[in-house]
$ cat data22.cif   # mmCIF, C-alpha atoms
data_input
#
loop_
_atom_site.label_atom_id
_atom_site.label_comp_id
_atom_site.auth_asym_id
_atom_site.auth_seq_id
_atom_site.Cartn_x
_atom_site.Cartn_y
_atom_site.Cartn_z
CA MET A 1 -96.18 148.91 -15.62
CA THR A 2 -94.53 152.34 -15.25
CA ALA A 3 -96.52 153.72 -18.19
CA ALA A 4 -99.76 152.35 -16.74
CA LEU A 5 -98.90 153.80 -13.33
CA ILE A 6 -98.19 157.22 -14.82
CA ILE A 7 -101.56 157.16 -16.58
CA ALA A 8 -103.28 156.12 -13.35
CA LEU A 9 -101.59 158.98 -11.49
CA LYS A 10 -102.65 161.45 -14.20
CA ILE A 11 -106.24 160.22 -14.05
CA ALA A 12 -106.19 160.43 -10.25
CA GLY A 13 -104.92 164.01 -10.31
CA LEU A 14 -107.29 165.17 -13.03
CA GLY A 15 -110.20 163.32 -11.47
CA LEU A 16 -109.81 164.95 -8.07
CA LEU A 17 -109.25 168.33 -9.71
CA GLY A 18 -112.39 167.87 -11.80
CA ILE A 19 -114.48 167.00 -8.75
CA PHE A 20 -113.25 170.02 -6.80
CA VAL A 21 -113.72 172.39 -9.74
CA SER A 22 -117.28 171.11 -10.25
CA ILE A 23 -118.09 171.45 -6.57
CA LEU A 24 -116.63 174.98 -6.36
CA LEU A 25 -118.63 176.07 -9.42
CA ILE A 26 -121.80 174.60 -7.95
CA MET A 27 -121.16 176.43 -4.68
CA GLY A 28 -120.50 179.69 -6.48
CA VAL A 29 -123.54 179.60 -8.75
CA THR A 30 -125.82 178.47 -5.92
CA ALA A 31 -124.57 181.36 -3.77
CA LEU A 32 -125.33 183.77 -6.63
CA VAL A 33 -128.86 182.42 -6.99
CA ALA A 34 -129.37 182.78 -3.23
CA ARG A 35 -128.38 186.49 -3.44
CA ILE A 36 -131.10 187.36 -5.96
CA PRO A 37 -133.65 189.33 -3.93
CA GLU A 38 -137.08 187.77 -3.52
CA LYS A 39 -139.98 189.64 -5.15
CA LYS A 40 -142.01 191.30 -2.40
CA LYS A 41 -145.68 190.33 -2.47
CA ASP A 42 -147.95 193.39 -2.26
CA MET B 1 -134.28 107.85 -14.44
CA ASP B 2 -130.95 109.58 -15.22
CA PHE B 3 -132.73 112.91 -15.68
CA LEU B 4 -133.48 112.98 -11.94
CA ILE B 5 -129.81 113.18 -11.00
CA SER B 6 -128.32 114.81 -14.10
CA GLY B 7 -128.55 118.28 -12.46
CA LEU B 8 -126.89 117.03 -9.28
CA LEU B 9 -124.09 115.36 -11.21
CA ALA B 10 -123.46 118.51 -13.25
CA ILE B 11 -122.71 120.74 -10.22
CA THR B 12 -119.14 122.01 -10.28
CA PHE B 13 -116.97 122.93 -7.31
CA LYS B 14 -117.16 126.61 -8.28
CA GLN B 15 -120.94 126.45 -8.32
CA LEU B 16 -120.88 124.95 -4.82
CA VAL B 17 -118.80 127.92 -3.70
CA MET B 18 -121.41 130.24 -5.22
CA TYR B 19 -124.22 128.48 -3.34
CA LEU B 20 -122.32 129.18 -0.12
CA ILE B 21 -121.74 132.80 -1.12
CA GLY B 22 -125.42 133.18 -2.01
CA LEU B 23 -126.48 131.72 1.32
CA LEU B 24 -123.98 133.96 3.11
CA LEU B 25 -125.42 137.07 1.45
CA ILE B 26 -128.95 135.97 2.39
CA TYR B 27 -127.81 135.36 5.97
CA LEU B 28 -126.14 138.78 6.17
CA ALA B 29 -129.27 140.41 4.75
CA ILE B 30 -131.75 138.74 7.09
CA LYS B 31 -129.85 138.07 10.32
CA LYS B 32 -127.48 141.03 10.33
CA GLU B 33 -129.70 143.35 8.25
CA TYR B 34 -126.75 144.34 6.01
CA GLU B 35 -128.33 146.20 3.05
CA PRO B 36 -131.10 143.58 2.83
CA SER B 37 -132.79 145.22 -0.16
CA LEU B 38 -129.77 144.39 -2.31
CA LEU B 39 -127.92 141.55 -0.63
CA LEU B 40 -130.99 139.32 -0.40
CA PRO B 41 -131.90 139.45 -4.12
CA MET B 42 -128.23 139.17 -5.04
CA GLY B 43 -127.75 136.17 -2.77
CA PHE B 44 -130.84 134.41 -4.07
CA GLY B 45 -129.98 135.31 -7.64
CA ALA B 46 -126.50 133.83 -7.17
CA ILE B 47 -128.17 130.50 -6.42
CA LEU B 48 -130.58 130.82 -9.37
CA VAL B 49 -127.87 131.44 -11.97
CA ASN B 50 -125.53 128.74 -10.68
CA LEU B 51 -127.94 125.83 -10.72
CA PRO B 52 -126.92 123.57 -13.64
CA PHE B 53 -128.91 124.21 -16.86
CA SER B 54 -130.78 126.97 -15.03
CA SER B 55 -133.69 128.40 -17.06
CA ALA B 56 -132.90 131.77 -15.47
CA LEU B 57 -130.17 131.93 -18.14
CA ASN B 58 -130.32 131.33 -21.88
CA GLN B 59 -130.10 127.60 -22.61
CA VAL B 60 -130.10 125.38 -25.64
CA VAL B 61 -132.81 122.77 -25.19
CA SER B 62 -132.45 119.73 -27.45
CA GLY B 63 -135.24 119.48 -29.95
CA VAL B 64 -136.40 123.02 -29.11
CA GLY B 65 -133.46 125.34 -29.71
CA GLU B 66 -132.36 128.36 -27.68
CA THR B 67 -134.60 129.48 -24.81
CA GLN B 68 -134.33 132.88 -23.19
CA GLY B 69 -133.61 133.12 -19.48
CA ILE B 70 -135.30 135.88 -17.46
CA VAL B 71 -132.23 136.93 -15.47
CA GLU B 72 -130.09 137.06 -18.60
CA TRP B 73 -132.81 139.05 -20.42
CA LEU B 74 -133.13 141.50 -17.50
CA PHE B 75 -129.35 141.98 -17.51
CA HIS B 76 -129.22 142.68 -21.27
CA ILE B 77 -132.16 145.08 -21.17
CA GLY B 78 -131.71 146.65 -17.74
CA ILE B 79 -127.95 146.97 -17.51
CA GLU B 80 -126.07 146.08 -20.67
CA ALA B 81 -128.23 148.05 -23.14
CA SER B 82 -128.25 151.43 -21.40
CA GLU B 83 -127.54 150.94 -17.69
CA ALA B 84 -131.26 151.67 -17.22
CA LEU B 85 -131.77 150.10 -13.80
CA PRO B 86 -129.03 151.92 -11.85
CA ILE B 87 -129.86 155.22 -13.58
CA LEU B 88 -133.60 154.96 -12.92
CA LEU B 89 -132.85 154.14 -9.28
CA PHE B 90 -131.14 157.50 -9.02
CA ILE B 91 -134.50 159.22 -9.58
CA GLY B 92 -135.74 157.62 -6.39
CA ILE B 93 -132.55 158.42 -4.51
CA GLY B 94 -132.65 162.06 -5.63
CA ALA B 95 -136.25 162.33 -4.45
CA MET B 96 -135.23 161.02 -1.02
CA ILE B 97 -132.44 163.53 -0.44
CA ASP B 98 -132.94 166.80 1.44
CA PHE B 99 -130.12 169.12 0.42
CA GLY B 100 -131.20 171.72 3.03
CA PRO B 101 -128.38 171.06 5.58
CA LEU B 102 -125.87 171.29 2.75
CA LEU B 103 -127.33 174.44 1.20
CA SER B 104 -127.45 176.20 4.57
CA LYS B 105 -123.71 175.54 5.04
CA PRO B 106 -122.22 175.30 1.53
CA ALA B 107 -118.64 174.74 2.80
CA LEU B 108 -119.71 171.17 3.58
CA PHE B 109 -119.67 170.55 -0.17
CA LEU B 110 -115.91 170.37 -0.06
CA TYR B 111 -115.93 167.38 2.29
CA GLY B 112 -117.98 165.42 -0.21
CA ALA B 113 -115.32 166.11 -2.81
CA ALA B 114 -112.43 165.16 -0.51
CA ALA B 115 -114.04 161.89 0.51
CA GLN B 116 -113.74 160.59 -3.06
CA PHE B 117 -109.98 160.38 -2.60
CA GLY B 118 -110.16 156.63 -1.97
CA ILE B 119 -111.46 156.03 -5.50
CA PHE B 120 -108.29 157.39 -7.04
CA ALA B 121 -106.01 155.81 -4.46
CA ALA B 122 -107.65 152.49 -5.32
CA LEU B 123 -107.13 153.16 -9.04
CA ILE B 124 -103.39 153.47 -8.43
CA LEU B 125 -103.35 150.34 -6.26
CA ALA B 126 -105.31 148.29 -8.79
CA THR B 127 -102.92 149.40 -11.54
CA LEU B 128 -99.93 148.40 -9.40
CA LEU B 129 -101.53 144.99 -8.87
CA GLY B 130 -101.65 144.42 -12.61
CA PHE B 131 -105.28 145.14 -13.56
CA ASP B 132 -105.70 146.83 -16.93
CA LEU B 133 -106.97 150.41 -16.93
CA LYS B 134 -110.63 149.58 -17.61
CA ASP B 135 -110.80 147.01 -14.85
CA ALA B 136 -108.72 149.14 -12.47
CA ALA B 137 -111.17 152.04 -12.95
CA SER B 138 -114.17 149.76 -12.48
CA ILE B 139 -112.72 148.30 -9.30
CA ALA B 140 -111.66 151.71 -7.98
CA ILE B 141 -115.20 153.08 -8.31
CA ILE B 142 -116.20 150.79 -5.45
CA GLY B 143 -114.80 153.68 -3.44
CA ALA B 144 -117.71 155.82 -4.63
CA ALA B 145 -119.65 153.92 -1.93
CA ASP B 146 -122.59 153.93 -4.30
CA GLY B 147 -124.03 150.77 -5.84
CA PRO B 148 -125.63 152.26 -8.97
CA THR B 149 -122.49 154.28 -9.78
CA SER B 150 -120.28 151.21 -9.36
CA ILE B 151 -122.52 149.08 -11.57
CA LEU B 152 -122.80 151.78 -14.23
CA VAL B 153 -119.07 152.50 -14.49
CA SER B 154 -118.10 148.82 -14.55
CA GLN B 155 -120.73 148.15 -17.23
CA VAL B 156 -119.69 151.10 -19.44
CA MET B 157 -116.05 150.00 -19.08
CA HIS B 158 -117.08 146.43 -20.03
CA SER B 159 -115.28 145.21 -16.95
CA ASN B 160 -114.88 141.47 -16.46
CA TYR B 161 -115.68 141.87 -12.78
CA ILE B 162 -119.14 143.45 -12.58
CA GLY B 163 -120.43 140.79 -10.20
CA ALA B 164 -117.55 141.06 -7.75
CA ILE B 165 -117.64 144.86 -7.93
CA ALA B 166 -121.38 144.97 -7.15
CA VAL B 167 -121.02 142.54 -4.24
CA ALA B 168 -118.05 144.49 -2.87
CA ALA B 169 -119.78 147.87 -3.23
CA TYR B 170 -122.98 146.84 -1.46
CA SER B 171 -121.22 144.74 1.18
CA TYR B 172 -118.88 147.53 2.18
CA MET B 173 -121.73 150.06 2.20
CA ALA B 174 -123.36 147.81 4.77
CA LEU B 175 -120.09 147.58 6.71
CA VAL B 176 -119.64 151.36 6.99
CA PRO B 177 -120.44 151.20 10.75
CA ILE B 178 -117.38 148.97 11.17
CA ILE B 179 -115.00 150.36 8.56
CA GLN B 180 -115.41 154.08 9.23
CA PRO B 181 -114.86 154.19 13.01
CA PHE B 182 -111.70 152.13 12.52
CA ALA B 183 -110.37 154.47 9.80
CA ILE B 184 -111.36 157.63 11.71
CA ARG B 185 -109.53 156.50 14.86
CA LEU B 186 -106.40 155.86 12.77
CA VAL B 187 -106.04 159.53 11.83
CA THR B 188 -107.60 161.49 14.69
CA THR B 189 -106.84 162.10 18.34
CA LYS B 190 -109.42 161.86 21.11
CA LYS B 191 -109.22 165.64 21.52
CA GLU B 192 -110.13 166.09 17.86
CA ARG B 193 -113.00 163.62 18.07
CA THR B 194 -114.50 165.43 21.07
CA MET B 195 -114.48 168.80 19.31
CA THR B 196 -117.95 170.32 19.54
CA MET B 197 -119.63 172.29 16.80
CA LYS B 198 -122.50 174.73 16.95
CA TYR B 199 -125.33 174.38 14.49
CA GLN B 200 -127.44 177.37 13.58
CA ALA B 201 -130.28 176.34 11.33
CA SER B 202 -130.77 178.83 8.54
CA SER B 203 -133.67 178.46 6.20
CA VAL B 204 -133.04 177.78 2.57
CA SER B 205 -135.43 179.50 0.21
CA LYS B 206 -137.63 177.48 -2.09
CA ARG B 207 -136.04 179.26 -5.04
CA VAL B 208 -132.59 177.98 -4.09
CA ARG B 209 -133.95 174.45 -3.47
CA ILE B 210 -135.48 174.45 -6.97
CA ALA B 211 -132.52 176.11 -8.69
CA PHE B 212 -129.97 173.80 -7.10
CA PRO B 213 -130.69 170.58 -9.05
CA ILE B 214 -130.89 172.56 -12.31
CA VAL B 215 -127.59 174.34 -11.61
CA VAL B 216 -125.84 171.09 -10.68
CA THR B 217 -127.06 169.38 -13.86
CA PHE B 218 -125.81 172.19 -16.10
CA ILE B 219 -122.41 172.53 -14.44
CA VAL B 220 -121.63 168.85 -14.10
CA GLY B 221 -123.08 168.08 -17.52
CA LEU B 222 -120.79 170.62 -19.18
CA ILE B 223 -117.66 169.57 -17.28
CA ALA B 224 -118.21 165.81 -17.51
CA PRO B 225 -120.89 164.89 -20.07
CA THR B 226 -120.58 161.22 -19.17
CA SER B 227 -121.98 162.16 -15.73
CA VAL B 228 -125.23 163.50 -17.20
CA SER B 229 -127.17 160.26 -16.89
CA LEU B 230 -126.15 159.71 -13.26
CA VAL B 231 -126.15 163.25 -11.93
CA GLY B 232 -129.00 164.34 -14.18
CA PHE B 233 -131.37 161.64 -12.97
CA LEU B 234 -130.32 162.23 -9.35
CA MET B 235 -131.13 165.92 -9.76
CA PHE B 236 -134.34 165.15 -11.67
CA GLY B 237 -135.53 163.12 -8.68
CA ASN B 238 -134.57 165.97 -6.36
CA LEU B 239 -136.41 168.52 -8.50
CA ILE B 240 -139.54 166.40 -8.37
CA ARG B 241 -139.23 166.52 -4.57
CA GLU B 242 -138.49 170.24 -4.24
CA CYS B 243 -140.81 171.74 -6.86
CA GLY B 244 -143.76 171.44 -4.49
CA VAL B 245 -146.31 170.59 -7.18
CA LEU B 246 -145.61 166.90 -7.66
CA GLY B 247 -146.31 165.48 -4.21
CA THR B 248 -147.67 162.10 -5.27
CA MET B 249 -144.97 161.71 -7.92
CA SER B 250 -142.30 162.44 -5.32
CA GLU B 251 -143.85 159.84 -2.99
CA THR B 252 -143.92 157.33 -5.83
CA ALA B 253 -140.28 158.00 -6.72
CA GLN B 254 -139.13 157.66 -3.12
CA ASN B 255 -141.09 154.50 -2.41
CA ALA B 256 -142.64 152.45 -5.20
CA LEU B 257 -140.10 153.32 -7.90
CA ALA B 258 -137.05 152.98 -5.67
CA ASN B 259 -138.26 149.65 -4.22
CA LEU B 260 -139.24 148.24 -7.61
CA ILE B 261 -135.96 149.13 -9.27
CA THR B 262 -133.94 147.93 -6.26
CA LEU B 263 -135.77 144.60 -6.42
CA PHE B 264 -134.99 144.17 -10.11
CA LEU B 265 -131.43 145.45 -9.81
CA GLY B 266 -130.48 142.96 -7.13
CA ILE B 267 -131.76 139.91 -8.98
CA THR B 268 -130.43 141.20 -12.31
CA ILE B 269 -126.88 141.82 -11.15
CA SER B 270 -126.70 138.19 -10.07
CA PHE B 271 -126.26 137.38 -13.78
CA SER B 272 -122.66 138.48 -13.32
CA MET B 273 -122.27 136.13 -10.35
CA GLN B 274 -121.99 132.98 -12.42
CA ALA B 275 -119.36 130.67 -10.95
CA GLU B 276 -116.91 130.74 -13.85
CA SER B 277 -116.57 134.53 -13.75
CA PHE B 278 -116.91 135.04 -9.99
CA VAL B 279 -114.88 132.29 -8.34
CA ARG B 280 -111.38 133.51 -9.16
CA THR B 281 -108.45 134.78 -7.12
CA ASP B 282 -109.09 138.19 -8.72
CA THR B 283 -112.37 138.38 -6.76
CA LEU B 284 -110.45 138.31 -3.48
CA LEU B 285 -108.12 141.04 -4.76
CA ILE B 286 -111.14 143.12 -5.77
CA MET B 287 -112.61 142.76 -2.27
CA ALA B 288 -109.30 143.89 -0.79
CA ILE B 289 -108.98 146.89 -3.13
CA GLY B 290 -112.60 147.85 -2.42
CA LEU B 291 -111.92 147.84 1.31
CA PHE B 292 -108.79 149.93 0.73
CA ALA B 293 -110.88 152.43 -1.25
CA PHE B 294 -113.44 152.79 1.54
CA ILE B 295 -110.75 153.25 4.18
CA PHE B 296 -108.94 155.88 2.13
CA ASP B 297 -112.19 157.71 1.34
CA THR B 298 -112.64 158.12 5.09
CA ILE B 299 -109.02 159.05 5.70
CA GLY B 300 -109.08 161.52 2.79
CA GLY B 301 -112.18 163.26 4.13
CA VAL B 302 -110.81 163.49 7.68
CA LEU B 303 -107.37 164.76 6.61
CA PHE B 304 -108.98 167.37 4.35
CA ALA B 305 -111.07 168.59 7.27
CA LYS B 306 -107.93 168.85 9.41
CA PHE B 307 -106.21 170.76 6.59
CA LEU B 308 -109.10 173.23 6.28
CA ASN B 309 -109.07 173.73 10.05
CA LEU B 310 -105.65 175.37 9.67
CA PHE B 311 -107.43 178.28 7.98
CA LEU B 312 -110.77 178.35 9.77
CA LYS B 313 -111.61 180.39 12.85
CA GLU B 314 -114.51 178.13 13.76
CA LYS B 315 -112.94 174.68 13.58
CA ILE B 316 -114.79 171.73 12.16
CA ASN B 317 -114.71 168.39 13.90
CA PRO B 318 -112.56 166.34 11.47
CA MET B 319 -114.97 163.40 11.69
CA VAL B 320 -117.41 165.44 9.60
CA GLY B 321 -114.97 164.93 6.72
CA ALA B 322 -115.52 161.18 6.97
CA ALA B 323 -119.25 161.70 6.41
CA GLY B 324 -118.46 162.95 2.90
CA ILE B 325 -118.66 159.44 1.47
CA SER B 326 -121.75 158.61 -0.50
CA ALA B 327 -123.14 155.96 1.87
CA PHE B 328 -126.23 158.00 2.74
CA PRO B 329 -127.55 158.22 5.44
CA MET B 330 -125.46 155.54 7.11
CA SER B 331 -122.19 157.51 7.19
CA SER B 332 -123.64 160.60 8.88
CA ARG B 333 -125.26 158.41 11.54
CA VAL B 334 -121.96 156.57 12.13
CA VAL B 335 -120.13 159.87 12.61
CA GLN B 336 -122.83 161.13 15.00
CA LYS B 337 -122.70 157.89 17.01
CA LEU B 338 -118.91 158.06 17.25
CA ALA B 339 -119.08 161.72 18.30
CA LEU B 340 -121.59 160.92 21.06
CA SER B 341 -119.48 158.04 22.31
CA GLU B 342 -116.54 160.44 22.70
CA ASN B 343 -118.59 163.35 24.06
CA PRO B 344 -122.27 162.93 24.96
CA GLN B 345 -122.87 166.67 24.35
CA ASN B 346 -121.65 166.59 20.78
CA ILE B 347 -124.33 166.88 18.13
CA LEU B 348 -122.79 166.70 14.67
CA ILE B 349 -125.64 165.12 12.74
CA MET B 350 -126.65 168.17 10.70
CA HIS B 351 -123.08 168.94 9.62
CA ALA B 352 -122.47 165.26 8.89
CA ALA B 353 -125.73 165.03 6.91
CA GLY B 354 -124.68 168.02 4.81
CA ALA B 355 -121.32 166.41 4.02
CA ASN B 356 -123.02 163.07 3.37
CA VAL B 357 -125.44 164.39 0.72
CA SER B 358 -122.57 166.31 -0.87
CA GLY B 359 -120.81 162.98 -1.21
CA GLN B 360 -123.78 161.66 -3.16
CA ILE B 361 -123.23 164.35 -5.80
CA ALA B 362 -119.45 164.10 -5.71
CA SER B 363 -119.47 160.32 -6.18
CA ALA B 364 -121.72 160.60 -9.23
CA ILE B 365 -119.36 163.25 -10.65
CA ALA B 366 -116.43 160.94 -9.88
CA GLY B 367 -118.11 158.11 -11.80
CA GLY B 368 -118.64 160.26 -14.87
CA LEU B 369 -115.13 161.72 -14.73
CA MET B 370 -113.63 158.26 -14.37
CA ILE B 371 -115.35 157.15 -17.58
CA THR B 372 -114.30 160.33 -19.42
CA LEU B 373 -110.67 160.26 -18.30
CA VAL B 374 -110.12 156.52 -18.73
CA SER B 375 -111.68 156.59 -22.21
CA ALA B 376 -109.22 159.34 -23.18
CA TYR B 377 -106.31 157.05 -22.40
CA LEU B 378 -107.58 153.85 -23.96
#

$ encode --input "data22.cif" --output "structure tokens"
Amino acid sequence: MTAALIIALKIAGLGLLGIFVSILLIMGVTALVARIPEKKKD
Amino acid sequence: MDFLISGLLAITFKQLVMYLIGLLLIYLAIKKEYEPSLLLPMGFGAILVNLPFSSALNQVVSGVGETQGIVEWLFHIGIEASEALPILLFIGIGAMIDFGPLLSKPALFLYGAAAQFGIFAALILATLLGFDLKDAASIAIIGAADGPTSILVSQVMHSNYIGAIAVAAYSYMALVPIIQPFAIRLVTTKKERTMTMKYQASSVSKRVRIAFPIVVTFIVGLIAPTSVSLVGFLMFGNLIRECGVLGTMSETAQNALANLITLFLGITISFSMQAESFVRTDTLLIMAIGLFAFIFDTIGGVLFAKFLNLFLKEKINPMVGAAGISAFPMSSRVVQKLALSENPQNILIMHAAGANVSGQIASAIAGGLMITLVSAYL
């Protein structure tokens, strides 16, 4: 039971970390794309 | 004349229980309008698969041999083979989502991430209650508040409890208007709930709307490849919506495709609601853990919002954190309704909608990560 609990805790920690890292990367790259100036139409 | 009553005599007590459960789901769908598009087919399917010698399942007919049952065939093809039905449904869901409120205020992304906390809290609880890792992960993903994600993860994990997990996921999604206000009130004060927020609409360029689903697919696909089918199809649906050149296809995805797949998914998942596998004490435990997951999703989102408020000049109403669960659009409407009941001037819907759609992405990422991480430890 202790071993299973430790694994569950590890998965929980890594899972939440993975979600936040993914979300932060998405935010960062999206912000970069938004900064690219639009081409002005003549 | 024995053949007339042989079916009646073959009914077991567990099958009787399933008839009642099926009728209950149908009642909830029609009378209470709880997720009728799923609960009604599931309820009716539960009756179909629990009638003795039902031809909806594979049977051995004397003198003929094995006959194929339609529900069993749909389950093997649509769910067991490649999780096709839940994944295809994500195209329709992606086409329905407007990420504009989220893209105009990107900080709302974080609330979607925080509101997945309940999944991992439920994983720990399920492990403590003695479920093995695969089943614990499958049960915990009920906290994703997303039916297709729950079905996909439990199928990939070969969980023994797919039926109970699907019923729990869809039932609790329908009960969000009851569960969330209760959980929010547990961890907020009236002063916090009446906090007003300004909303300044800022336009999001078409370029960003088109780039967003592509960016998400690349990033999530590289971090958690097992998420590609879920997140990728969600983003594919969104790209069809945002590209601006596939109007009729977007309409089809949002309406005909989504309705067709939902219809098939509901009746197909009833295959896992056969009495022998559903009527067990474990089913009650799964319902309890699922409820725990939903409550802790809400609490996690609210507490994260309160934590972020320590560093923000313009405070966010903590209830917006609760909208980060994937039950879209129900959760954002629940938060708005609660806000108005506390302060009739308080309009939170756009912030809540941004957090809510973020939760849709975050829950799909959570599903993929759960599969990746659990597989590493098996």

$ resolve_selection --input "data22.cif" --expression "the PyMOL selection byres ((chain B) within 7 of (chain A))" --output "VMD selection string"
chain B and resid 106 109 to 110 113 120 123 to 124 127 to 128 208 212 215 to 216 219 to 220 362 365 to 366 369 to 370 373

$ atom_distance --input "data22.cif" --atom1 "atom CA of Ala323 of chain B" --atom2 "atom CA of Met195 of chain B"
15.5 Å

$ residues_around --input "data22.cif" --residues "segment 269-272 of chain B" --least-positions-apart "5" --cutoff "10 Å" --atoms "all atoms listed in the file" --output "PDB file with C-alpha atoms, in the coordinates of the input"
ATOM      1  CA  GLY B  22    -125.420 133.180  -2.010  1.00  0.00           C
ATOM      2  CA  LEU B  38    -129.770 144.390  -2.310  1.00  0.00           C
ATOM      3  CA  PRO B  41    -131.900 139.450  -4.120  1.00  0.00           C
ATOM      4  CA  MET B  42    -128.230 139.170  -5.040  1.00  0.00           C
ATOM      5  CA  GLY B  43    -127.750 136.170  -2.770  1.00  0.00           C
ATOM      6  CA  PHE B  44    -130.840 134.410  -4.070  1.00  0.00           C
ATOM      7  CA  GLY B  45    -129.980 135.310  -7.640  1.00  0.00           C
ATOM      8  CA  ALA B  46    -126.500 133.830  -7.170  1.00  0.00           C
ATOM      9  CA  ILE B  47    -128.170 130.500  -6.420  1.00  0.00           C
ATOM     10  CA  LEU B  48    -130.580 130.820  -9.370  1.00  0.00           C
ATOM     11  CA  VAL B  49    -127.870 131.440 -11.970  1.00  0.00           C
ATOM     12  CA  ASN B  50    -125.530 128.740 -10.680  1.00  0.00           C
ATOM     13  CA  ALA B  56    -132.900 131.770 -15.470  1.00  0.00           C
ATOM     14  CA  LEU B  57    -130.170 131.930 -18.140  1.00  0.00           C
ATOM     15  CA  ILE B  70    -135.300 135.880 -17.460  1.00  0.00           C
ATOM     16  CA  VAL B  71    -132.230 136.930 -15.470  1.00  0.00           C
ATOM     17  CA  GLU B  72    -130.090 137.060 -18.600  1.00  0.00           C
ATOM     18  CA  TRP B  73    -132.810 139.050 -20.420  1.00  0.00           C
ATOM     19  CA  LEU B  74    -133.130 141.500 -17.500  1.00  0.00           C
ATOM     20  CA  PHE B  75    -129.350 141.980 -17.510  1.00  0.00           C
ATOM     21  CA  HIS B  76    -129.220 142.680 -21.270  1.00  0.00           C
ATOM     22  CA  GLY B  78    -131.710 146.650 -17.740  1.00  0.00           C
ATOM     23  CA  ILE B  79    -127.950 146.970 -17.510  1.00  0.00           C
ATOM     24  CA  LEU B  85    -131.770 150.100 -13.800  1.00  0.00           C
ATOM     25  CA  ILE B 151    -122.520 149.080 -11.570  1.00  0.00           C
ATOM     26  CA  ASN B 160    -114.880 141.470 -16.460  1.00  0.00           C
ATOM     27  CA  TYR B 161    -115.680 141.870 -12.780  1.00  0.00           C
ATOM     28  CA  ILE B 162    -119.140 143.450 -12.580  1.00  0.00           C
ATOM     29  CA  GLY B 163    -120.430 140.790 -10.200  1.00  0.00           C
ATOM     30  CA  ALA B 164    -117.550 141.060  -7.750  1.00  0.00           C
ATOM     31  CA  ILE B 165    -117.640 144.860  -7.930  1.00  0.00           C
ATOM     32  CA  ALA B 166    -121.380 144.970  -7.150  1.00  0.00           C
ATOM     33  CA  VAL B 167    -121.020 142.540  -4.240  1.00  0.00           C
ATOM     34  CA  PHE B 264    -134.990 144.170 -10.110  1.00  0.00           C
ATOM     35  CA  SER B 277    -116.570 134.530 -13.750  1.00  0.00           C
ATOM     36  CA  PHE B 278    -116.910 135.040  -9.990  1.00  0.00           C
TER      37      PHE B 278
END

$ atom_distance --input "data22.cif" --atom1 "atom CA of Asn343 of chain B" --atom2 "atom CA of Glu35 of chain B"
28.8 Å

$ resolve_selection --input "data22.cif" --expression "the PyMOL selection byres ((chain B and resi 344-347) around 12)" --output "list in words"
Glu192, Arg193, Thr194, Met195, Thr196, Met197, Lys198, Tyr199, Gln200, Asn317, Met319, Val320, Ser332, Arg333, Val335, Gln336, Lys337, Leu338, Ala339, Leu340, Ser341, Glu342, Asn343, Leu348, Ile349, Met350, His351, Ala352 and Ala353 of chain B

$ write_last_selection --input "data22.cif" --atoms "C-alpha atoms" --output "compact mmCIF listing (two decimals), keeping the file's coordinate frame"
# COMPACT_ATOMS: atom_id res chain seq x y z
CA GLU B 192 -110.13 166.09 17.86
CA ARG B 193 -113.00 163.62 18.07
CA THR B 194 -114.50 165.43 21.07
CA MET B 195 -114.48 168.80 19.31
CA THR B 196 -117.95 170.32 19.54
CA MET B 197 -119.63 172.29 16.80
CA LYS B 198 -122.50 174.73 16.95
CA TYR B 199 -125.33 174.38 14.49
CA GLN B 200 -127.44 177.37 13.58
CA ASN B 317 -114.71 168.39 13.90
CA MET B 319 -114.97 163.40 11.69
CA VAL B 320 -117.41 165.44 9.60
CA SER B 332 -123.64 160.60 8.88
CA ARG B 333 -125.26 158.41 11.54
CA VAL B 335 -120.13 159.87 12.61
CA GLN B 336 -122.83 161.13 15.00
CA LYS B 337 -122.70 157.89 17.01
CA LEU B 338 -118.91 158.06 17.25
CA ALA B 339 -119.08 161.72 18.30
CA LEU B 340 -121.59 160.92 21.06
CA SER B 341 -119.48 158.04 22.31
CA GLU B 342 -116.54 160.44 22.70
CA ASN B 343 -118.59 163.35 24.06
CA LEU B 348 -122.79 166.70 14.67
CA ILE B 349 -125.64 165.12 12.74
CA MET B 350 -126.65 168.17 10.70
CA HIS B 351 -123.08 168.94 9.62
CA ALA B 352 -122.47 165.26 8.89
CA ALA B 353 -125.73 165.03 6.91

$ atom_distance --input "data22.cif" --atom1 "atom CA of Ser159 of chain B" --atom2 "atom CA of Phe294 of chain B"
20.1 Å

$ closest_residue --input "data22.cif" --among "B:Thr149, B:Asn356, B:Thr298, B:Ser375" --to "Phe90 of chain B" --atoms "only C-alpha atoms"
B:Thr149

$ resolve_selection --input "data22.cif" --expression "the PyMOL selection byres ((chain B and resi 144) around 9)" --output "PyMOL selection string"
chain B and resi 115-116+118-119+140-143+145-147+149-150+169+293-294+297+325-327+359-360+362-364+366-367

$ residues_near_point --input "data22.cif" --point "(-126.8, 152.2, -17.2)" --cutoff "9 Å" --atoms "all atoms listed in the file" --output "PyMOL selection string"
chain B and resi 78-88+148-149+151-153+155-156+229-230

$ axis_aligned_box --input "data22.cif" --around "segment 6-23 of chain A" --padding-each-side "4 Å" --output "lines of an AutoDock Vina configuration file"
center_x = -108.1
center_y = 164.3
center_z = -11.6
size_x = 27.9
size_y = 24.3
size_z = 18.0

$ closest_residue --input "data22.cif" --among "B:Ile184, B:Ser205, B:Lys14, B:Gly130" --to "Val302 of chain B" --atoms "only C-alpha atoms"
B:Ile184

$ closest_residue --input "data22.cif" --among "B:Ala95, B:Ala376, B:Val17, B:Leu39" --to "Met173 of chain B" --atoms "all atoms listed in the file"
B:Leu39
